[in-house]
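*Asks:* My structure is in upload.cif, and what it holds is mmCIF, N, CA and C atoms:
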```cif
data_work
loop_
_atom_site.label_atom_id
_atom_site.label_comp_id
_atom_site.auth_asym_id
_atom_site.auth_seq_id
_atom_site.Cartn_x
_atom_site.Cartn_y
_atom_site.Cartn_z
N MET A 139 -13.26 -9.30 24.23
CA MET A 139 -14.38 -8.86 23.40
C MET A 139 -14.01 -7.53 22.77
N SER A 140 -14.18 -7.42 21.47
CA SER A 140 -13.88 -6.17 20.78
C SER A 140 -15.01 -5.17 21.02
N ALA A 141 -14.75 -3.92 20.69
CA ALA A 141 -15.77 -2.88 20.84
C ALA A 141 -17.01 -3.21 20.03
N PHE A 142 -16.84 -3.76 18.82
CA PHE A 142 -17.99 -4.07 17.99
C PHE A 142 -18.82 -5.21 18.58
N GLU A 143 -18.17 -6.15 19.25
CA GLU A 143 -18.91 -7.24 19.87
C GLU A 143 -19.75 -6.76 21.04
N SER A 144 -19.31 -5.67 21.70
CA SER A 144 -20.06 -5.17 22.85
C SER A 144 -21.02 -4.05 22.48
N PHE A 145 -21.07 -3.67 21.21
CA PHE A 145 -21.94 -2.58 20.76
C PHE A 145 -23.39 -2.90 21.09
N GLY A 146 -24.03 -1.98 21.82
CA GLY A 146 -25.44 -2.15 22.14
C GLY A 146 -25.72 -3.07 23.31
N THR A 147 -24.69 -3.61 23.96
CA THR A 147 -24.92 -4.46 25.11
C THR A 147 -24.68 -3.66 26.39
N CYS A 148 -25.33 -4.07 27.45
CA CYS A 148 -25.13 -3.42 28.74
C CYS A 148 -23.92 -4.06 29.40
N GLU A 149 -23.00 -3.23 29.81
CA GLU A 149 -21.84 -3.73 30.52
C GLU A 149 -21.49 -2.73 31.60
N THR A 150 -20.73 -3.17 32.56
CA THR A 150 -20.31 -2.29 33.62
C THR A 150 -19.25 -1.34 33.09
N VAL A 151 -19.49 -0.07 33.32
CA VAL A 151 -18.56 0.96 32.87
C VAL A 151 -17.97 1.60 34.12
N SER A 152 -16.65 1.58 34.24
CA SER A 152 -16.02 2.18 35.40
C SER A 152 -15.99 3.71 35.23
N ASP A 153 -15.74 4.40 36.34
CA ASP A 153 -15.77 5.86 36.33
C ASP A 153 -14.76 6.49 35.39
N ASP A 154 -13.66 5.82 35.11
CA ASP A 154 -12.63 6.41 34.25
C ASP A 154 -12.62 5.86 32.83
N ASP A 155 -13.59 5.01 32.48
CA ASP A 155 -13.66 4.46 31.12
C ASP A 155 -13.98 5.55 30.10
N ARG A 156 -13.26 5.51 29.00
CA ARG A 156 -13.55 6.38 27.87
C ARG A 156 -14.53 5.63 26.97
N MET A 157 -15.52 6.36 26.44
CA MET A 157 -16.56 5.75 25.63
C MET A 157 -16.54 6.36 24.23
N GLU A 158 -16.76 5.51 23.23
CA GLU A 158 -16.71 5.95 21.84
C GLU A 158 -18.05 5.77 21.17
N CYS A 159 -18.49 6.80 20.45
CA CYS A 159 -19.74 6.73 19.70
C CYS A 159 -19.58 5.74 18.54
N GLY A 160 -20.51 4.83 18.43
CA GLY A 160 -20.48 3.84 17.35
C GLY A 160 -20.95 4.39 16.02
N ILE A 161 -21.40 5.64 16.01
CA ILE A 161 -21.87 6.26 14.77
C ILE A 161 -20.77 7.14 14.16
N CYS A 162 -20.24 8.07 14.98
CA CYS A 162 -19.28 9.05 14.43
C CYS A 162 -17.88 8.94 15.03
N TRP A 163 -17.69 8.03 16.00
CA TRP A 163 -16.41 7.76 16.64
C TRP A 163 -15.95 8.88 17.60
N HIS A 164 -16.87 9.77 17.99
CA HIS A 164 -16.54 10.78 19.01
C HIS A 164 -16.23 10.04 20.31
N VAL A 165 -15.20 10.48 21.02
CA VAL A 165 -14.82 9.85 22.28
C VAL A 165 -15.23 10.74 23.44
N TYR A 166 -16.02 10.16 24.37
CA TYR A 166 -16.32 10.86 25.61
C TYR A 166 -15.27 10.43 26.62
N ASP A 167 -14.50 11.41 27.10
CA ASP A 167 -13.47 11.16 28.10
C ASP A 167 -13.91 11.83 29.39
N PRO A 168 -14.17 11.05 30.45
CA PRO A 168 -14.65 11.65 31.69
C PRO A 168 -13.69 12.70 32.25
N GLU A 169 -12.43 12.55 31.95
CA GLU A 169 -11.44 13.53 32.43
C GLU A 169 -11.73 14.93 31.88
N ASN A 170 -12.30 14.98 30.69
CA ASN A 170 -12.58 16.26 30.03
C ASN A 170 -14.02 16.73 30.18
N GLY A 171 -14.95 15.81 30.45
CA GLY A 171 -16.37 16.18 30.49
C GLY A 171 -16.86 16.48 29.08
N ASP A 172 -17.86 17.32 28.97
CA ASP A 172 -18.44 17.67 27.67
C ASP A 172 -18.83 19.15 27.70
N GLU A 173 -18.05 19.95 27.03
CA GLU A 173 -18.26 21.40 27.01
C GLU A 173 -19.60 21.78 26.39
N ILE A 174 -20.00 21.08 25.34
CA ILE A 174 -21.24 21.41 24.63
C ILE A 174 -22.45 21.21 25.53
N TRP A 175 -22.48 20.12 26.29
CA TRP A 175 -23.59 19.83 27.20
C TRP A 175 -23.36 20.41 28.59
N GLN A 176 -22.28 21.13 28.76
CA GLN A 176 -21.91 21.74 30.04
C GLN A 176 -21.75 20.69 31.14
N ILE A 177 -21.11 19.58 30.78
CA ILE A 177 -20.81 18.51 31.71
C ILE A 177 -19.40 18.78 32.24
N PRO A 178 -19.24 18.95 33.55
CA PRO A 178 -17.92 19.27 34.09
C PRO A 178 -16.94 18.11 33.98
N PRO A 179 -15.63 18.43 33.95
CA PRO A 179 -14.61 17.38 33.97
C PRO A 179 -14.81 16.47 35.19
N ALA A 180 -14.33 15.25 35.07
CA ALA A 180 -14.40 14.22 36.10
C ALA A 180 -15.82 13.66 36.26
N THR A 181 -16.67 13.81 35.23
CA THR A 181 -18.02 13.22 35.25
C THR A 181 -17.99 11.89 34.51
N PRO A 182 -18.19 10.78 35.23
CA PRO A 182 -18.20 9.46 34.57
C PRO A 182 -19.36 9.34 33.57
N PHE A 183 -19.17 8.52 32.57
CA PHE A 183 -20.20 8.30 31.55
C PHE A 183 -21.51 7.86 32.18
N ALA A 184 -21.43 7.00 33.20
CA ALA A 184 -22.64 6.49 33.86
C ALA A 184 -23.43 7.58 34.56
N ARG A 185 -22.80 8.70 34.85
CA ARG A 185 -23.48 9.80 35.54
C ARG A 185 -23.96 10.91 34.60
N LEU A 186 -23.82 10.69 33.31
CA LEU A 186 -24.35 11.67 32.36
C LEU A 186 -25.87 11.65 32.44
N PRO A 187 -26.53 12.77 32.17
CA PRO A 187 -28.00 12.79 32.19
C PRO A 187 -28.58 11.77 31.22
N GLU A 188 -29.75 11.24 31.53
CA GLU A 188 -30.40 10.24 30.67
C GLU A 188 -30.62 10.76 29.25
N ASN A 189 -30.86 12.06 29.12
CA ASN A 189 -31.14 12.63 27.80
C ASN A 189 -29.87 13.09 27.08
N TRP A 190 -28.69 12.82 27.65
CA TRP A 190 -27.43 13.20 27.01
C TRP A 190 -27.29 12.46 25.69
N ARG A 191 -26.78 13.17 24.70
CA ARG A 191 -26.55 12.59 23.38
C ARG A 191 -25.15 12.97 22.90
N CYS A 192 -24.67 12.28 21.93
CA CYS A 192 -23.35 12.58 21.36
C CYS A 192 -23.33 14.04 20.91
N PRO A 193 -22.34 14.82 21.37
CA PRO A 193 -22.28 16.22 20.98
C PRO A 193 -21.90 16.41 19.51
N ASN A 194 -21.44 15.36 18.87
CA ASN A 194 -21.03 15.46 17.47
C ASN A 194 -22.14 15.06 16.50
N CYS A 195 -22.85 13.94 16.78
CA CYS A 195 -23.83 13.44 15.82
C CYS A 195 -25.23 13.24 16.41
N ASP A 196 -25.42 13.52 17.70
CA ASP A 196 -26.71 13.43 18.38
C ASP A 196 -27.16 11.98 18.62
N ALA A 197 -26.22 11.04 18.59
CA ALA A 197 -26.57 9.63 18.87
C ALA A 197 -26.90 9.45 20.35
N LEU A 198 -27.74 8.48 20.65
CA LEU A 198 -28.11 8.15 22.02
C LEU A 198 -26.92 7.56 22.78
N LYS A 199 -26.99 7.63 24.13
CA LYS A 199 -25.94 7.05 24.96
C LYS A 199 -25.76 5.56 24.66
N ALA A 200 -26.84 4.88 24.30
CA ALA A 200 -26.79 3.44 24.02
C ALA A 200 -25.91 3.11 22.81
N LYS A 201 -25.59 4.10 22.00
CA LYS A 201 -24.76 3.88 20.82
C LYS A 201 -23.27 3.96 21.14
N PHE A 202 -22.94 4.22 22.41
CA PHE A 202 -21.54 4.32 22.80
C PHE A 202 -21.02 2.98 23.29
N MET A 203 -19.75 2.72 23.03
CA MET A 203 -19.10 1.49 23.49
C MET A 203 -17.81 1.85 24.21
N ARG A 204 -17.48 1.01 25.16
CA ARG A 204 -16.28 1.26 25.97
C ARG A 204 -15.03 1.00 25.15
N LEU A 205 -14.10 1.94 25.23
CA LEU A 205 -12.82 1.75 24.57
C LEU A 205 -12.01 0.77 25.39
N GLY A 206 -11.25 -0.08 24.72
CA GLY A 206 -10.44 -1.06 25.42
C GLY A 206 -9.27 -0.43 26.16
N ASP A 207 -8.63 -1.23 26.98
CA ASP A 207 -7.47 -0.77 27.73
C ASP A 207 -6.35 -0.36 26.79
N GLY A 208 -5.66 0.70 27.17
CA GLY A 208 -4.51 1.14 26.39
C GLY A 208 -4.86 2.03 25.23
N LEU A 209 -6.12 2.41 25.08
CA LEU A 209 -6.50 3.28 23.97
C LEU A 209 -6.70 4.69 24.45
#
```
What's the structure tokens form of this structure?

*Replies:*
Amino acid sequence: MSAFESFGTCETVSDDDRMECGICWHVYDPENGDEIWQIPPATPFARLPENWRCPNCDALKAKFMRLGDGL
């Protein structure tokens, strides 16, 4: 399944999955966390606060899709 096919669907996200915003293509990498939202490194996407939004375009978490293996 491509990223576009899974856009907006609920799927299991592992702790080390990188997630990409479907609006602006910002990548959330759990290894780095999110400096703007003061999210520490090693924070999985699933553990981000419910009100977390894309630090680049303010999109909701639901607008993010899992990047495929090898990306």

*Asks:* Just say which residues the PyMOL selection byres ((chain A and resi 186-202) around 7) picks in this file, as a PyMOL selection string.

*Replies:* chain A and resi 145-147+157-162+164+174-175+181-185+203-204

*Asks:* Apply DSSP to the structure's backbone, then extract all residues of chain A labelled strand (DSSP E) and return them as a list in words.

*Replies:* Met157, Glu158, Cys159, Val165, Tyr166, Phe202, Met203 and Arg204 of chain A

*Asks:* Would you export the selected residues with N, CA and C atoms as a CSV table (one decimal), in the frame of the given file, please?

*Replies:*
```
chain,number,residue,atom,x,y,z
A,157,MET,N,-15.5,6.4,26.4
A,157,MET,CA,-16.6,5.8,25.6
A,157,MET,C,-16.5,6.4,24.2
A,158,GLU,N,-16.8,5.5,23.2
A,158,GLU,CA,-16.7,6.0,21.8
A,158,GLU,C,-18.0,5.8,21.2
A,159,CYS,N,-18.5,6.8,20.4
A,159,CYS,CA,-19.7,6.7,19.7
A,159,CYS,C,-19.6,5.7,18.5
A,165,VAL,N,-15.2,10.5,21.0
A,165,VAL,CA,-14.8,9.8,22.3
A,165,VAL,C,-15.2,10.7,23.4
A,166,TYR,N,-16.0,10.2,24.4
A,166,TYR,CA,-16.3,10.9,25.6
A,166,TYR,C,-15.3,10.4,26.6
A,202,PHE,N,-22.9,4.2,22.4
A,202,PHE,CA,-21.5,4.3,22.8
A,202,PHE,C,-21.0,3.0,23.3
A,203,MET,N,-19.8,2.7,23.0
A,203,MET,CA,-19.1,1.5,23.5
A,203,MET,C,-17.8,1.8,24.2
A,204,ARG,N,-17.5,1.0,25.2
A,204,ARG,CA,-16.3,1.3,26.0
A,204,ARG,C,-15.0,1.0,25.2
```

*Asks:* Which of chain A end up as alpha helix (DSSP H) when DSSP is run on this backbone - answer as number ranges by chain?

*Replies:* A: 141-144

*Asks:* Under the PyMOL selection byres ((chain A and resi 168) around 7), which residues of this model are included? Write them out as number ranges by chain.

*Replies:* A: 153-157, 166-167, 169-171, 178-183

*Asks:* Would you save the residues from that selection as a PDB file, in the frame of the given file, using N, CA and C atoms?

*Replies:*
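Generated file (selection-v1.pdb):
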```pdb
ATOM      1  N   ASP A 153     -15.740   4.400  36.340  1.00  0.00           N
ATOM      2  CA  ASP A 153     -15.770   5.860  36.330  1.00  0.00           C
ATOM      3  C   ASP A 153     -14.760   6.490  35.390  1.00  0.00           C
ATOM      4  N   ASP A 154     -13.660   5.820  35.110  1.00  0.00           N
ATOM      5  CA  ASP A 154     -12.630   6.410  34.250  1.00  0.00           C
ATOM      6  C   ASP A 154     -12.620   5.860  32.830  1.00  0.00           C
ATOM      7  N   ASP A 155     -13.590   5.010  32.480  1.00  0.00           N
ATOM      8  CA  ASP A 155     -13.660   4.460  31.120  1.00  0.00           C
ATOM      9  C   ASP A 155     -13.980   5.550  30.100  1.00  0.00           C
ATOM     10  N   ARG A 156     -13.260   5.510  29.000  1.00  0.00           N
ATOM     11  CA  ARG A 156     -13.550   6.380  27.870  1.00  0.00           C
ATOM     12  C   ARG A 156     -14.530   5.630  26.970  1.00  0.00           C
ATOM     13  N   MET A 157     -15.520   6.360  26.440  1.00  0.00           N
ATOM     14  CA  MET A 157     -16.560   5.750  25.630  1.00  0.00           C
ATOM     15  C   MET A 157     -16.540   6.360  24.230  1.00  0.00           C
ATOM     16  N   TYR A 166     -16.020  10.160  24.370  1.00  0.00           N
ATOM     17  CA  TYR A 166     -16.320  10.860  25.610  1.00  0.00           C
ATOM     18  C   TYR A 166     -15.270  10.430  26.620  1.00  0.00           C
ATOM     19  N   ASP A 167     -14.500  11.410  27.100  1.00  0.00           N
ATOM     20  CA  ASP A 167     -13.470  11.160  28.100  1.00  0.00           C
ATOM     21  C   ASP A 167     -13.910  11.830  29.390  1.00  0.00           C
ATOM     22  N   GLU A 169     -12.430  12.550  31.950  1.00  0.00           N
ATOM     23  CA  GLU A 169     -11.440  13.530  32.430  1.00  0.00           C
ATOM     24  C   GLU A 169     -11.730  14.930  31.880  1.00  0.00           C
ATOM     25  N   ASN A 170     -12.300  14.980  30.690  1.00  0.00           N
ATOM     26  CA  ASN A 170     -12.580  16.260  30.030  1.00  0.00           C
ATOM     27  C   ASN A 170     -14.020  16.730  30.180  1.00  0.00           C
ATOM     28  N   GLY A 171     -14.950  15.810  30.450  1.00  0.00           N
ATOM     29  CA  GLY A 171     -16.370  16.180  30.490  1.00  0.00           C
ATOM     30  C   GLY A 171     -16.860  16.480  29.080  1.00  0.00           C
ATOM     31  N   PRO A 178     -19.240  18.950  33.550  1.00  0.00           N
ATOM     32  CA  PRO A 178     -17.920  19.270  34.090  1.00  0.00           C
ATOM     33  C   PRO A 178     -16.940  18.110  33.980  1.00  0.00           C
ATOM     34  N   PRO A 179     -15.630  18.430  33.950  1.00  0.00           N
ATOM     35  CA  PRO A 179     -14.610  17.380  33.970  1.00  0.00           C
ATOM     36  C   PRO A 179     -14.810  16.470  35.190  1.00  0.00           C
ATOM     37  N   ALA A 180     -14.330  15.250  35.070  1.00  0.00           N
ATOM     38  CA  ALA A 180     -14.400  14.220  36.100  1.00  0.00           C
ATOM     39  C   ALA A 180     -15.820  13.660  36.260  1.00  0.00           C
ATOM     40  N   THR A 181     -16.670  13.810  35.230  1.00  0.00           N
ATOM     41  CA  THR A 181     -18.020  13.220  35.250  1.00  0.00           C
ATOM     42  C   THR A 181     -17.990  11.890  34.510  1.00  0.00           C
ATOM     43  N   PRO A 182     -18.190  10.780  35.230  1.00  0.00           N
ATOM     44  CA  PRO A 182     -18.200   9.460  34.570  1.00  0.00           C
ATOM     45  C   PRO A 182     -19.360   9.340  33.570  1.00  0.00           C
ATOM     46  N   PHE A 183     -19.170   8.520  32.570  1.00  0.00           N
ATOM     47  CA  PHE A 183     -20.200   8.300  31.550  1.00  0.00           C
ATOM     48  C   PHE A 183     -21.510   7.860  32.180  1.00  0.00           C
TER      49      PHE A 183
END
```

*Asks:* Give me, please, the distance in Å between atom N of Ile177 in chain A and atom C of Leu205 in chain A, quoted to one decimal.

*Replies:*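 Between these atoms lies a distance of 21.6 Å.
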
*Asks:* By how many Å are atom N of Val151 in chain A and CA of Val165 in chain A apart?

*Replies:*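 Going from atom N of Val151 in chain A over to CA of Val165 in chain A covers 15.6 Å.
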
*Asks:* Can you rebuild range 177-188 of chain A with all heavy atoms and give it as a CSV table (one decimal), in the coordinates of the input?

*Replies:*
```
chain,number,residue,atom,x,y,z
A,177,ILE,N,-21.1,19.6,30.8
A,177,ILE,CA,-20.8,18.5,31.7
A,177,ILE,C,-19.4,18.8,32.2
A,177,ILE,O,-18.5,18.8,31.5
A,177,ILE,CB,-20.9,17.1,31.0
A,177,ILE,CG1,-22.2,16.9,30.3
A,177,ILE,CG2,-20.5,16.0,32.0
A,177,ILE,CD1,-23.4,16.8,31.3
A,178,PRO,N,-19.2,19.0,33.6
A,178,PRO,CA,-17.9,19.3,34.1
A,178,PRO,C,-16.9,18.1,34.0
A,178,PRO,O,-17.3,16.9,33.9
A,178,PRO,CB,-18.2,19.6,35.6
A,178,PRO,CG,-19.5,19.0,35.9
A,178,PRO,CD,-20.3,18.9,34.6
A,179,PRO,N,-15.6,18.4,34.0
A,179,PRO,CA,-14.6,17.4,34.0
A,179,PRO,C,-14.8,16.5,35.2
A,179,PRO,O,-15.4,16.9,36.2
A,179,PRO,CB,-13.3,18.2,34.1
A,179,PRO,CG,-13.6,19.5,33.5
A,179,PRO,CD,-15.1,19.8,33.9
A,180,ALA,N,-14.3,15.2,35.1
A,180,ALA,CA,-14.4,14.2,36.1
A,180,ALA,C,-15.8,13.7,36.3
A,180,ALA,O,-16.1,13.1,37.3
A,180,ALA,CB,-13.9,14.7,37.4
A,181,THR,N,-16.7,13.8,35.2
A,181,THR,CA,-18.0,13.2,35.2
A,181,THR,C,-18.0,11.9,34.5
A,181,THR,O,-17.8,11.9,33.3
A,181,THR,CB,-19.0,14.2,34.6
A,181,THR,OG1,-19.0,15.4,35.3
A,181,THR,CG2,-20.4,13.6,34.6
A,182,PRO,N,-18.2,10.8,35.2
A,182,PRO,CA,-18.2,9.5,34.6
A,182,PRO,C,-19.4,9.3,33.6
A,182,PRO,O,-20.4,10.0,33.7
A,182,PRO,CB,-18.4,8.5,35.7
A,182,PRO,CG,-18.1,9.2,37.0
A,182,PRO,CD,-18.4,10.7,36.7
A,183,PHE,N,-19.2,8.5,32.6
A,183,PHE,CA,-20.2,8.3,31.6
A,183,PHE,C,-21.5,7.9,32.2
A,183,PHE,O,-22.6,8.3,31.8
A,183,PHE,CB,-19.7,7.3,30.5
A,183,PHE,CG,-20.6,7.1,29.4
A,183,PHE,CD1,-20.6,8.0,28.3
A,183,PHE,CD2,-21.5,6.0,29.3
A,183,PHE,CE1,-21.4,7.8,27.2
A,183,PHE,CE2,-22.3,5.9,28.2
A,183,PHE,CZ,-22.3,6.8,27.1
A,184,ALA,N,-21.4,7.0,33.2
A,184,ALA,CA,-22.6,6.5,33.9
A,184,ALA,C,-23.4,7.6,34.6
A,184,ALA,O,-24.6,7.4,34.8
A,184,ALA,CB,-22.3,5.4,34.9
A,185,ARG,N,-22.8,8.7,34.8
A,185,ARG,CA,-23.5,9.8,35.5
A,185,ARG,C,-24.0,10.9,34.6
A,185,ARG,O,-24.5,11.9,35.1
A,185,ARG,CB,-22.6,10.4,36.6
A,185,ARG,CG,-22.3,9.4,37.7
A,185,ARG,CD,-21.7,10.1,38.9
A,185,ARG,NE,-21.3,9.1,39.9
A,185,ARG,CZ,-22.0,8.9,41.0
A,185,ARG,NH1,-23.0,9.5,41.3
A,185,ARG,NH2,-21.5,8.0,41.8
A,186,LEU,N,-23.8,10.7,33.3
A,186,LEU,CA,-24.4,11.7,32.4
A,186,LEU,C,-25.9,11.6,32.4
A,186,LEU,O,-26.5,10.6,32.7
A,186,LEU,CB,-23.9,11.3,30.9
A,186,LEU,CG,-22.4,11.5,30.6
A,186,LEU,CD1,-22.1,11.0,29.2
A,186,LEU,CD2,-22.0,12.9,30.8
A,187,PRO,N,-26.5,12.8,32.2
A,187,PRO,CA,-28.0,12.8,32.2
A,187,PRO,C,-28.6,11.8,31.2
A,187,PRO,O,-28.0,11.5,30.2
A,187,PRO,CB,-28.4,14.2,31.7
A,187,PRO,CG,-27.1,15.0,31.9
A,187,PRO,CD,-26.0,14.1,31.8
A,188,GLU,N,-29.8,11.2,31.5
A,188,GLU,CA,-30.4,10.2,30.7
A,188,GLU,C,-30.6,10.8,29.2
A,188,GLU,O,-30.6,10.0,28.3
A,188,GLU,CB,-31.7,9.8,31.3
A,188,GLU,CG,-31.6,8.9,32.5
A,188,GLU,CD,-30.8,7.6,32.1
A,188,GLU,OE1,-31.1,7.0,31.1
A,188,GLU,OE2,-30.0,7.2,32.9
```
